[in-house]
Each structure stands twice: as structure tokens, then as C-alpha cells.
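Okay, so here's the structure we're looking at.
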Amino acid sequence: MVDKFVGTWKMISSENFDDYMKALGVGFATRQVGNRTKPSLIINMDDQGMICLKSQSTFKTVEVKFNLNEPFEETTADDRKTMTVFSLENCKLVQNQKWDGKETTIEREVTDFIPSCCHISP
């Protein structure tokens with residue numbers, strides 16, 4: 001099931017991202033850069049079956065390696081320290097992050113081989 005996510009994906013658009021970053025407490029300058037950045041998302045699997053997800057842009061590159069349904073410590077692109085769990089739910093790759101009593105969920109979905117980050121909620 002994860003196989004359909006393997007590949008290099010280019011962000012085409014992002015809606016309400018500034019509001020999302022504000023809700024996370026991201027500062028003005030970082031939000032301005034984040035709103036202009038269109039990262040590539042590279043997903044692959046290593047020899048041990050771990051999933052590798054790399055968000056790559058001219059501004060910053062962030063990479064995480066994980067097994068599905070196993071919590072791990074993540075440092076996000078905006079330098080939050082989170083406990084993160086990835087899972088597969090209804091054909092979506094779901095990323096749940098928790099930190100400082102807050103929580104956010106990012107869902108990635110491939111539809112007709114076009115990925116979309118369809119639901120991001122703070």
C-alpha cells in the first residue's frame with residue numbers, strides 16, 4: 001500500500017497554509033518564506049523496510065525515517081520537536097504530530113497518480 005506513495009512529488013499548490021502556520025505559532029518571517037516555497041517530497045523505502053520521507057526545497061531540507069504506526073521524535077521544518085506517528089488510513093498516508101499539548105494531522109493522498117495534501121488541520 002505504501003508503494004503508491006513512493007516517488008518524487010512536486011507541490012503545485014497549498015491552500016490556507018499561512019493560517020495553518022499562524023495556528024502553529026510560526027513567526028512572520030518564516031511564514032513568508034514558507035508561503036513562497038514549493039518543496040519536492042521524496043518518498044522511498046530503505047533495505048530494512050523503513051519509509052524515508054524527504055521534503056526538499058531551496059529554503060530547507062527535512063528528512064524523516066519511520067515505520068508505520070510507531071511513534072518517533074521528529075524535528076519539523078519550523079523546528080518544533082514533536083512525537084510523530086505515520087499510519088495508512090483509507091488509502092491515505094496520515095502524519096499525526098503532538099507537542100506541548102497541541103496536535104496536528106497531515107493527510108497525503110494519491111488520486112489518479114496526482115498527490116495532494118488534502119487535509120491539514122491544526
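By order in the C-alpha cells, chains are A, B, ...; within a chain, residues start at 1; ligands start at 1, following the order shown.
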*May I have the residues within 10 Å of Met21 in chain A as JSON, numbers by chain, using only C-alpha atoms and disregarding those fewer than 4 positions away in the same chain?*
{"A": [16, 17, 25, 26, 27, 28, 30, 31, 34, 35, 78, 122]}
Export of the given selection (all heavy atoms) as a PDB file, in the first residue's frame:
ATOM      1  N   ASN A  16      -4.537  27.929   2.340  1.00  0.00           N
ATOM      2  CA  ASN A  16      -4.642  28.301   3.763  1.00  0.00           C
ATOM      3  C   ASN A  16      -3.400  27.940   4.566  1.00  0.00           C
ATOM      4  O   ASN A  16      -3.472  27.762   5.779  1.00  0.00           O
ATOM      5  CB  ASN A  16      -5.888  27.665   4.394  1.00  0.00           C
ATOM      6  CG  ASN A  16      -7.150  28.110   3.697  1.00  0.00           C
ATOM      7  OD1 ASN A  16      -7.306  29.286   3.379  1.00  0.00           O
ATOM      8  ND2 ASN A  16      -8.033  27.177   3.435  1.00  0.00           N
ATOM      9  N   PHE A  17      -2.265  27.844   3.899  1.00  0.00           N
ATOM     10  CA  PHE A  17      -1.040  27.446   4.583  1.00  0.00           C
ATOM     11  C   PHE A  17      -0.581  28.511   5.573  1.00  0.00           C
ATOM     12  O   PHE A  17      -0.090  28.190   6.650  1.00  0.00           O
ATOM     13  CB  PHE A  17       0.061  27.128   3.561  1.00  0.00           C
ATOM     14  CG  PHE A  17       1.271  26.451   4.150  1.00  0.00           C
ATOM     15  CD1 PHE A  17       1.149  25.321   4.945  1.00  0.00           C
ATOM     16  CD2 PHE A  17       2.536  26.941   3.895  1.00  0.00           C
ATOM     17  CE1 PHE A  17       2.258  24.694   5.479  1.00  0.00           C
ATOM     18  CE2 PHE A  17       3.658  26.325   4.436  1.00  0.00           C
ATOM     19  CZ  PHE A  17       3.517  25.198   5.229  1.00  0.00           C
ATOM     20  N   GLY A  25       1.970  28.771  15.474  1.00  0.00           N
ATOM     21  CA  GLY A  25       2.845  29.710  16.168  1.00  0.00           C
ATOM     22  C   GLY A  25       4.113  30.042  15.400  1.00  0.00           C
ATOM     23  O   GLY A  25       5.078  30.549  15.966  1.00  0.00           O
ATOM     24  N   VAL A  26       4.120  29.783  14.087  1.00  0.00           N
ATOM     25  CA  VAL A  26       5.289  30.080  13.261  1.00  0.00           C
ATOM     26  C   VAL A  26       5.385  31.587  13.074  1.00  0.00           C
ATOM     27  O   VAL A  26       4.385  32.261  12.796  1.00  0.00           O
ATOM     28  CB  VAL A  26       5.176  29.365  11.888  1.00  0.00           C
ATOM     29  CG1 VAL A  26       6.336  29.736  10.977  1.00  0.00           C
ATOM     30  CG2 VAL A  26       5.110  27.852  12.094  1.00  0.00           C
ATOM     31  N   GLY A  27       6.597  32.139  13.237  1.00  0.00           N
ATOM     32  CA  GLY A  27       6.828  33.583  13.129  1.00  0.00           C
ATOM     33  C   GLY A  27       6.614  34.120  11.726  1.00  0.00           C
ATOM     34  O   GLY A  27       6.618  33.380  10.735  1.00  0.00           O
ATOM     35  N   PHE A  28       6.447  35.435  11.637  1.00  0.00           N
ATOM     36  CA  PHE A  28       6.137  36.117  10.384  1.00  0.00           C
ATOM     37  C   PHE A  28       7.162  35.830   9.291  1.00  0.00           C
ATOM     38  O   PHE A  28       6.797  35.474   8.165  1.00  0.00           O
ATOM     39  CB  PHE A  28       6.013  37.626  10.621  1.00  0.00           C
ATOM     40  CG  PHE A  28       5.739  38.401   9.364  1.00  0.00           C
ATOM     41  CD1 PHE A  28       4.456  38.437   8.830  1.00  0.00           C
ATOM     42  CD2 PHE A  28       6.753  39.089   8.719  1.00  0.00           C
ATOM     43  CE1 PHE A  28       4.196  39.149   7.661  1.00  0.00           C
ATOM     44  CE2 PHE A  28       6.502  39.797   7.546  1.00  0.00           C
ATOM     45  CZ  PHE A  28       5.225  39.823   7.020  1.00  0.00           C
ATOM     46  N   THR A  30       9.404  33.437   8.904  1.00  0.00           N
ATOM     47  CA  THR A  30       9.408  32.038   8.472  1.00  0.00           C
ATOM     48  C   THR A  30       8.158  31.739   7.650  1.00  0.00           C
ATOM     49  O   THR A  30       8.212  31.010   6.657  1.00  0.00           O
ATOM     50  CB  THR A  30       9.487  31.091   9.681  1.00  0.00           C
ATOM     51  OG1 THR A  30      10.686  31.404  10.413  1.00  0.00           O
ATOM     52  CG2 THR A  30       9.530  29.638   9.258  1.00  0.00           C
ATOM     53  N   ARG A  31       7.007  32.317   8.028  1.00  0.00           N
ATOM     54  CA  ARG A  31       5.777  32.121   7.252  1.00  0.00           C
ATOM     55  C   ARG A  31       5.917  32.681   5.846  1.00  0.00           C
ATOM     56  O   ARG A  31       5.448  32.077   4.878  1.00  0.00           O
ATOM     57  CB  ARG A  31       4.576  32.769   7.946  1.00  0.00           C
ATOM     58  CG  ARG A  31       4.114  32.024   9.164  1.00  0.00           C
ATOM     59  CD  ARG A  31       2.711  32.404   9.605  1.00  0.00           C
ATOM     60  NE  ARG A  31       2.290  33.761   9.359  1.00  0.00           N
ATOM     61  CZ  ARG A  31       2.391  34.767  10.227  1.00  0.00           C
ATOM     62  NH1 ARG A  31       2.937  34.573  11.428  1.00  0.00           N
ATOM     63  NH2 ARG A  31       1.953  35.968   9.913  1.00  0.00           N
ATOM     64  N   GLY A  34       7.952  30.247   3.959  1.00  0.00           N
ATOM     65  CA  GLY A  34       7.165  29.027   3.791  1.00  0.00           C
ATOM     66  C   GLY A  34       6.077  29.165   2.743  1.00  0.00           C
ATOM     67  O   GLY A  34       5.810  28.225   1.984  1.00  0.00           O
ATOM     68  N   ASN A  35       5.455  30.336   2.674  1.00  0.00           N
ATOM     69  CA  ASN A  35       4.397  30.566   1.685  1.00  0.00           C
ATOM     70  C   ASN A  35       4.920  30.612   0.261  1.00  0.00           C
ATOM     71  O   ASN A  35       4.173  30.371  -0.687  1.00  0.00           O
ATOM     72  CB  ASN A  35       3.643  31.859   1.998  1.00  0.00           C
ATOM     73  CG  ASN A  35       2.696  31.700   3.156  1.00  0.00           C
ATOM     74  OD1 ASN A  35       2.075  30.670   3.320  1.00  0.00           O
ATOM     75  ND2 ASN A  35       2.587  32.729   3.976  1.00  0.00           N
ATOM     76  N   ASP A  78       9.885  23.786  10.841  1.00  0.00           N
ATOM     77  CA  ASP A  78       9.838  25.028  11.622  1.00  0.00           C
ATOM     78  C   ASP A  78      10.418  24.829  13.025  1.00  0.00           C
ATOM     79  O   ASP A  78      10.175  25.612  13.924  1.00  0.00           O
ATOM     80  CB  ASP A  78       8.420  25.594  11.685  1.00  0.00           C
ATOM     81  CG  ASP A  78       7.431  24.621  12.313  1.00  0.00           C
ATOM     82  OD1 ASP A  78       7.753  23.433  12.447  1.00  0.00           O
ATOM     83  OD2 ASP A  78       6.323  25.053  12.679  1.00  0.00           O
ATOM     84  N   PRO A 122      -4.791  22.174  12.177  1.00  0.00           N
ATOM     85  CA  PRO A 122      -4.039  22.398  13.417  1.00  0.00           C
ATOM     86  C   PRO A 122      -4.794  21.827  14.608  1.00  0.00           C
ATOM     87  O   PRO A 122      -5.951  21.552  14.545  1.00  0.00           O
ATOM     88  CB  PRO A 122      -3.954  23.916  13.519  1.00  0.00           C
ATOM     89  CG  PRO A 122      -5.005  24.448  12.636  1.00  0.00           C
ATOM     90  CD  PRO A 122      -5.346  23.384  11.630  1.00  0.00           C
TER      91      PRO A 122
END
*as number ranges by chain, which residues of range 8-109 of chain A does DSSP assign to strand (DSSP E)?*
A: 8-10, 40-45, 51-56, 61-66, 72-75, 81-89, 92-99, 102-109
Any chance you can output those residues with C-alpha atoms as a compact mmCIF listing (two decimals), in the first residue's frame?
# COMPACT_ATOMS: atom_id res chain seq x y z
CA THR A 8 9.24 12.26 -6.15
CA TRP A 9 6.30 14.64 -5.86
CA LYS A 10 6.30 18.38 -6.58
CA SER A 40 9.59 18.40 -3.58
CA LEU A 41 8.51 15.44 -1.48
CA ILE A 42 10.62 12.32 -1.99
CA ILE A 43 9.30 9.07 -0.54
CA ASN A 44 11.13 5.75 -0.67
CA MET A 45 11.80 2.64 1.38
CA ILE A 51 9.89 4.59 4.97
CA CYS A 52 12.01 7.64 4.16
CA LEU A 53 10.21 10.94 3.57
CA LYS A 54 12.27 13.93 2.48
CA SER A 55 10.88 17.44 1.95
CA GLN A 56 13.42 19.26 -0.20
CA THR A 61 15.52 20.09 3.50
CA VAL A 62 13.98 17.88 6.18
CA GLU A 63 14.09 14.09 6.23
CA VAL A 64 12.42 11.53 8.49
CA LYS A 65 12.65 7.74 8.55
CA PHE A 66 9.92 5.74 10.19
CA PHE A 72 9.21 8.68 16.94
CA GLU A 73 10.70 12.07 17.78
CA GLU A 74 10.64 14.49 14.86
CA THR A 75 12.15 17.93 14.39
CA LYS A 81 10.02 18.91 18.50
CA THR A 82 7.11 16.52 18.07
CA MET A 83 6.11 12.94 18.76
CA THR A 84 5.02 11.76 15.35
CA VAL A 85 3.19 8.68 14.10
CA PHE A 86 2.54 7.81 10.45
CA SER A 87 -0.26 5.43 9.53
CA LEU A 88 -2.23 4.32 6.49
CA GLU A 89 -5.92 5.15 6.77
CA LYS A 92 -4.05 8.00 2.81
CA LEU A 93 -0.65 8.42 4.43
CA VAL A 94 -1.57 10.13 7.71
CA GLN A 95 1.02 12.00 9.79
CA ASN A 96 -0.01 12.89 13.35
CA GLN A 97 2.24 15.25 15.35
CA LYS A 98 1.92 16.09 19.06
CA TRP A 99 3.91 18.68 21.03
CA LYS A 102 -1.00 20.61 20.75
CA GLU A 103 -1.73 18.26 17.87
CA THR A 104 -1.86 18.42 14.07
CA THR A 105 -2.64 15.89 11.36
CA ILE A 106 -1.41 15.93 7.77
CA GLU A 107 -3.03 13.60 5.23
CA ARG A 108 -1.36 12.76 1.93
CA GLU A 109 -3.36 11.10 -0.79
_What parts of chain A does DSSP call helix (DSSP H, G or I)? I'd like the answer as a ChimeraX atom specification._
/A:2-5,17-24,28-36
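Restricting the calculation to only C-alpha atoms, the smallest distance between Asn90 in chain A and any of A:Glu70, A:Ala29, A:Val2, A:Asp46 is found for A:Val2.
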